[in-house]
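What follows is a single structure, written as structure tokens, with notes after it.
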Amino acid sequence: MNIFLTGSTGFLGGELLVDLAKRQEVDKIYCLVRALSEEHAILRLKHVFELHGDIFDPKKIIPVLGNLGEHDFAKNLSAQKVIDDTHIIVHSAANTSFSKVYDKVVEQVNISGINEIIKWSLTLKNLQTFVYIGTATICGKDIVNRSVKEEESPNLKAHHVVRYTYTKMMGEIMLTKSLPKEKILIVRPSIIMGDSRDWIPRSYVILWAIETVNMLRLIPVNGKSALDVIPIDFASKAITTLLFAKRNHSVYHISSGAASATSSELITNAIAKSFPDLPPFKFVDKELMKEVKLWAKKKLPEGSKLYEYGSYLDYWKNSFTDTNEMRILLAALEPYLEFAELGQVFDNTKLLQDTQLSEPEPAHSYLARAAKYLKNIDVFAGAIDP
Ligand SMILES: NC(=O)c1ccc[n+]([C@@H]2O[C@H](COP(=O)([O-])OP(=O)(O)OC[C@H]3O[C@@H](n4cnc5c(N)ncnc54)[C@H](OP(=O)(O)O)[C@@H]3O)[C@@H](O)[C@H]2O)c1
């Protein structure tokens, strides 16, 4: 079985690459990589395997140079005859930015990009399965404080926190319109963050936001809202198991579900023990975000409610030499806090039934172990390129 995998240099795609390379069913994995040359692409792929000492087999792992944003990308793929014998496409690449600044490129990569891959997939004689890595948050922001089922999405009327989730929804819609249902596997992870194995996670994607919260300590979000967070190892295991399992559905949440859900408060309680010298975490009304931003701009008016938290303002003054640094962090963190306030949990009954996997470890449990890696995170790198 030959697989064409996109996004293999990313957080989830990297984990999928290493896991798929270990499966007996898999002969070759063609990896779409953005690179300057074939040598550069191989270096990038080797790096994915080196992180945890996994073996890179150049006979099995074959780079395919390309960029989803290219004009006529399907033609580029068709010209590479070596990948004609693809049986499975796993499309994990996406532009995952939440920043409005990147909305155009997010649309180009996530909507035009999948359109080109679909066009190419229709020319493949041996194609058995097109796996689309979607996202559970395509359900939008109108659903609050309850469990969401797969059937509730996609919904074209849903309002979205960020353009990214809209583009991921459109990707799903385009795929289901173009390929027969039996060839489609749509997996919708919730929030993938950290690793439940006690080692350095493959990437600090989203974990940078926890370190930012750790730095701020006063957080304008409802700390008790339920959060659906899963570790990368569970996400990858669930997807690869589903791929080779007898499936009863074509769409699955890859999620914690209610049984393993967490909350911002549970997570901060879990990491607090590792930072005994910092002020205690305090959750305040989300409306205070505007005032926190004004404080960082040095424009907080007299009489603001934020002055009631004077010890936190003193702490910020001492920890940020330039409050513009705090402005950068707040701008990037804001959509994450908006997601955290929604209280959405994604039902994973179908996943657990068809894979026989156990519930994932709750995030507050494994993040207590991962707290020691938080200090390695460059929060500004995360904030600038979320
Ligand atoms: N992380 C989460 O919590 C989460 C939750 C739900 C769903 N998902 C979905 O899971 C998938 C993987 O996300 P991730 O967290 O692993 O993201 P990531 O770490 O940012 O990885 C994104 C991958 O996509 C590639 N990519 C981006 N733009 C590209 C382009 N124009 N052409 C070719 N490749 C491009 C990147 O390549 P470079 O290395 O060259 O940049 C990278 O390999 C995405 O589809 C995302 O929507 C993620």
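Please note that chains go A, B, ... in the order of the structure tokens, that every chain numbers its residues from 1, and that ligands are numbered from 1 in the order shown.
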_Could you go through region 103-304 of chain A and tell me which residues DSSP, when run on the backbone, assigns to strand (DSSP E), listing them as number ranges by chain?_
A: 129-133, 146-148, 184-189, 191-192, 218-219, 226-227, 229-230, 251-254, 262-263, 282-283
Using C-alpha atoms, can you write the selected residues to a file as a tab-separated table (two decimals), in the first residue's frame?
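What landed in part_33.tsv:
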chain	number	residue	atom	x	y	z
A	129	THR	CA	-9.09	6.14	0.55
A	130	PHE	CA	-8.78	9.91	0.79
A	131	VAL	CA	-8.16	10.83	4.42
A	132	TYR	CA	-8.88	14.48	5.17
A	133	ILE	CA	-7.61	15.89	8.44
A	146	ARG	CA	-22.42	21.08	25.35
A	147	SER	CA	-21.24	17.98	23.55
A	148	VAL	CA	-21.19	18.17	19.74
A	184	ILE	CA	-13.60	9.14	2.09
A	185	LEU	CA	-12.38	9.19	5.67
A	186	ILE	CA	-12.81	12.54	7.40
A	187	VAL	CA	-11.18	12.85	10.81
A	188	ARG	CA	-11.85	15.91	12.90
A	189	PRO	CA	-9.36	16.37	15.76
A	191	ILE	CA	-7.38	20.64	20.12
A	192	ILE	CA	-4.13	18.70	19.81
A	218	LEU	CA	-4.46	36.88	35.17
A	219	ILE	CA	-6.61	35.39	32.39
A	226	ALA	CA	-15.06	22.52	29.36
A	227	LEU	CA	-12.20	22.08	26.90
A	229	VAL	CA	-7.86	18.65	24.32
A	230	ILE	CA	-5.96	15.53	23.21
A	251	VAL	CA	-16.58	11.07	9.66
A	252	TYR	CA	-15.07	10.81	13.14
A	253	HIS	CA	-14.22	13.20	15.93
A	254	ILE	CA	-10.71	12.57	17.25
A	262	THR	CA	-10.48	19.33	30.74
A	263	SER	CA	-10.80	23.08	31.45
A	282	LYS	CA	-6.71	34.09	38.40
A	283	PHE	CA	-9.59	33.82	35.92
What residues of the protein or nucleic acid chains come within 6 Å of ligand 1 when you use only C-alpha atoms and all ligand atoms? Reply as a compact mmCIF listing (two decimals) with C-alpha atoms, in the first residue's frame.
# COMPACT_ATOMS: atom_id res chain seq x y z
CA GLY A 7 1.97 18.14 6.06
CA SER A 8 4.57 15.59 7.18
CA THR A 9 6.89 18.32 8.49
CA GLY A 10 4.12 19.59 10.79
CA PHE A 11 2.98 18.59 14.26
CA LEU A 12 0.32 16.01 13.39
CA GLY A 13 1.67 15.08 9.94
CA ARG A 34 8.09 22.52 0.74
CA ASN A 67 3.52 23.88 -2.47
CA LEU A 68 -0.25 23.74 -2.06
CA GLY A 69 -0.43 27.42 -2.93
CA SER A 92 -2.79 16.87 6.78
CA ALA A 93 -1.17 20.05 5.42
CA ALA A 94 -2.95 23.29 6.15
CA ASN A 95 -2.24 26.86 7.01
CA THR A 96 -3.41 26.84 10.62
CA VAL A 109 -3.76 26.84 0.96
CA ILE A 133 -7.61 15.89 8.44
CA GLY A 134 -10.36 18.35 9.25
CA THR A 135 -11.09 19.97 12.58
CA PRO A 189 -9.36 16.37 15.76
CA SER A 190 -10.32 18.72 18.59
CA ILE A 191 -7.38 20.64 20.12
CA ILE A 192 -4.13 18.70 19.81
_Spatial neighbours of region 15-29 of chain A, max dist 7 Å, only C-alpha atoms, sep filter under 3 positions, as a ChimeraX atom specification_ = /A:1-5,8,11-12,49,60-62,236,240
*Go through region 190-357 of chain A and collect every residue that DSSP, computed from the backbone, puts in alpha helix (DSSP H); the answer should be as a PyMOL selection string.*
chain A and resi 207-216+232-244+264-272+289-296+310-319+323-341+349-355
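When only C-alpha atoms are used to compute distances to Asp322 (chain A), the closest of the residues A:His71, A:Asp354, A:Lys298, A:Ala381 turns out to be A:Lys298.
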*How many Å separate CA of Val64 (chain A) from CA of His91 (chain A)?*
13.7 Å
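Take the candidates A:Lys59, A:Thr6, A:Ala41, A:Lys75 and check each one against Val90 (chain A) using only C-alpha atoms; the shortest distance goes to A:Thr6.
The coordinates place CA of Leu216 (chain A) at 21.8 Å from CA of Gly303 (chain A).
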*Show which residues sit within 10 Å of Ala340 (chain A), as a PyMOL selection string. Count only C-alpha atoms, and ignore same-chain residues fewer than 4 positions away.*
chain A and resi 221-228+263-264+334-336+344
*Determine, counting only C-alpha atoms, which protein, DNA and RNA residues have an atom within 12 Å of an atom of His159 (chain A); residues of the same chain fewer than 6 positions away are not included. Present the result as a ChimeraX atom specification.*
/A:137-143,153,165-166,169
Store the residues of this selection in a file with N, CA and C atoms, as a PDB file, in the first residue's frame.
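Saved to selection-v5.pdb:
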ATOM      1  N   THR A 137     -13.610  21.954  15.252  1.00  0.00           N
ATOM      2  CA  THR A 137     -14.102  23.325  15.463  1.00  0.00           C
ATOM      3  C   THR A 137     -14.812  23.889  14.232  1.00  0.00           C
ATOM      4  N   ILE A 138     -14.959  23.101  13.160  1.00  0.00           N
ATOM      5  CA  ILE A 138     -15.781  23.592  12.034  1.00  0.00           C
ATOM      6  C   ILE A 138     -17.237  23.773  12.470  1.00  0.00           C
ATOM      7  N   CYS A 139     -17.605  23.250  13.642  1.00  0.00           N
ATOM      8  CA  CYS A 139     -18.993  23.419  14.110  1.00  0.00           C
ATOM      9  C   CYS A 139     -19.316  24.880  14.379  1.00  0.00           C
ATOM     10  N   GLY A 140     -18.278  25.736  14.475  1.00  0.00           N
ATOM     11  CA  GLY A 140     -18.525  27.169  14.671  1.00  0.00           C
ATOM     12  C   GLY A 140     -18.739  27.530  16.123  1.00  0.00           C
ATOM     13  N   LYS A 141     -19.071  28.817  16.334  1.00  0.00           N
ATOM     14  CA  LYS A 141     -19.122  29.319  17.715  1.00  0.00           C
ATOM     15  C   LYS A 141     -20.535  29.457  18.261  1.00  0.00           C
ATOM     16  N   ASP A 142     -21.539  29.018  17.466  1.00  0.00           N
ATOM     17  CA  ASP A 142     -22.917  29.168  17.960  1.00  0.00           C
ATOM     18  C   ASP A 142     -23.268  28.080  18.980  1.00  0.00           C
ATOM     19  N   ILE A 143     -22.553  26.962  18.917  1.00  0.00           N
ATOM     20  CA  ILE A 143     -22.797  25.875  19.884  1.00  0.00           C
ATOM     21  C   ILE A 143     -21.965  26.156  21.132  1.00  0.00           C
ATOM     22  N   SER A 153     -22.055  18.973  11.779  1.00  0.00           N
ATOM     23  CA  SER A 153     -21.214  19.742  10.853  1.00  0.00           C
ATOM     24  C   SER A 153     -21.101  18.933   9.556  1.00  0.00           C
ATOM     25  N   THR A 165     -11.181  27.977  10.465  1.00  0.00           N
ATOM     26  CA  THR A 165     -12.147  26.874  10.643  1.00  0.00           C
ATOM     27  C   THR A 165     -13.156  26.861   9.488  1.00  0.00           C
ATOM     28  N   TYR A 166     -13.462  28.057   8.969  1.00  0.00           N
ATOM     29  CA  TYR A 166     -14.352  28.122   7.793  1.00  0.00           C
ATOM     30  C   TYR A 166     -13.685  27.398   6.609  1.00  0.00           C
ATOM     31  N   MET A 169     -13.854  23.735   6.940  1.00  0.00           N
ATOM     32  CA  MET A 169     -15.201  23.250   6.648  1.00  0.00           C
ATOM     33  C   MET A 169     -15.392  23.149   5.128  1.00  0.00           C
TER      34      MET A 169
END
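Counting only C-alpha atoms and comparing A:Asp198, A:Glu338, A:Glu359, A:Asp385, the residue that lies closest to Val144 (chain A) is A:Glu338.
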*Skipping near chain neighbours, those fewer than 6 positions away, what residues fall within 12 Å of Lys100 (chain A) using only C-alpha atoms, listed as a count of residues only?*
13
*asked:* Using only C-alpha atoms, can you tell me which of A:Ala79, A:Val33, A:Leu179, A:Ile88 comes closest to Phe244 (chain A)?
replied: A:Ile88
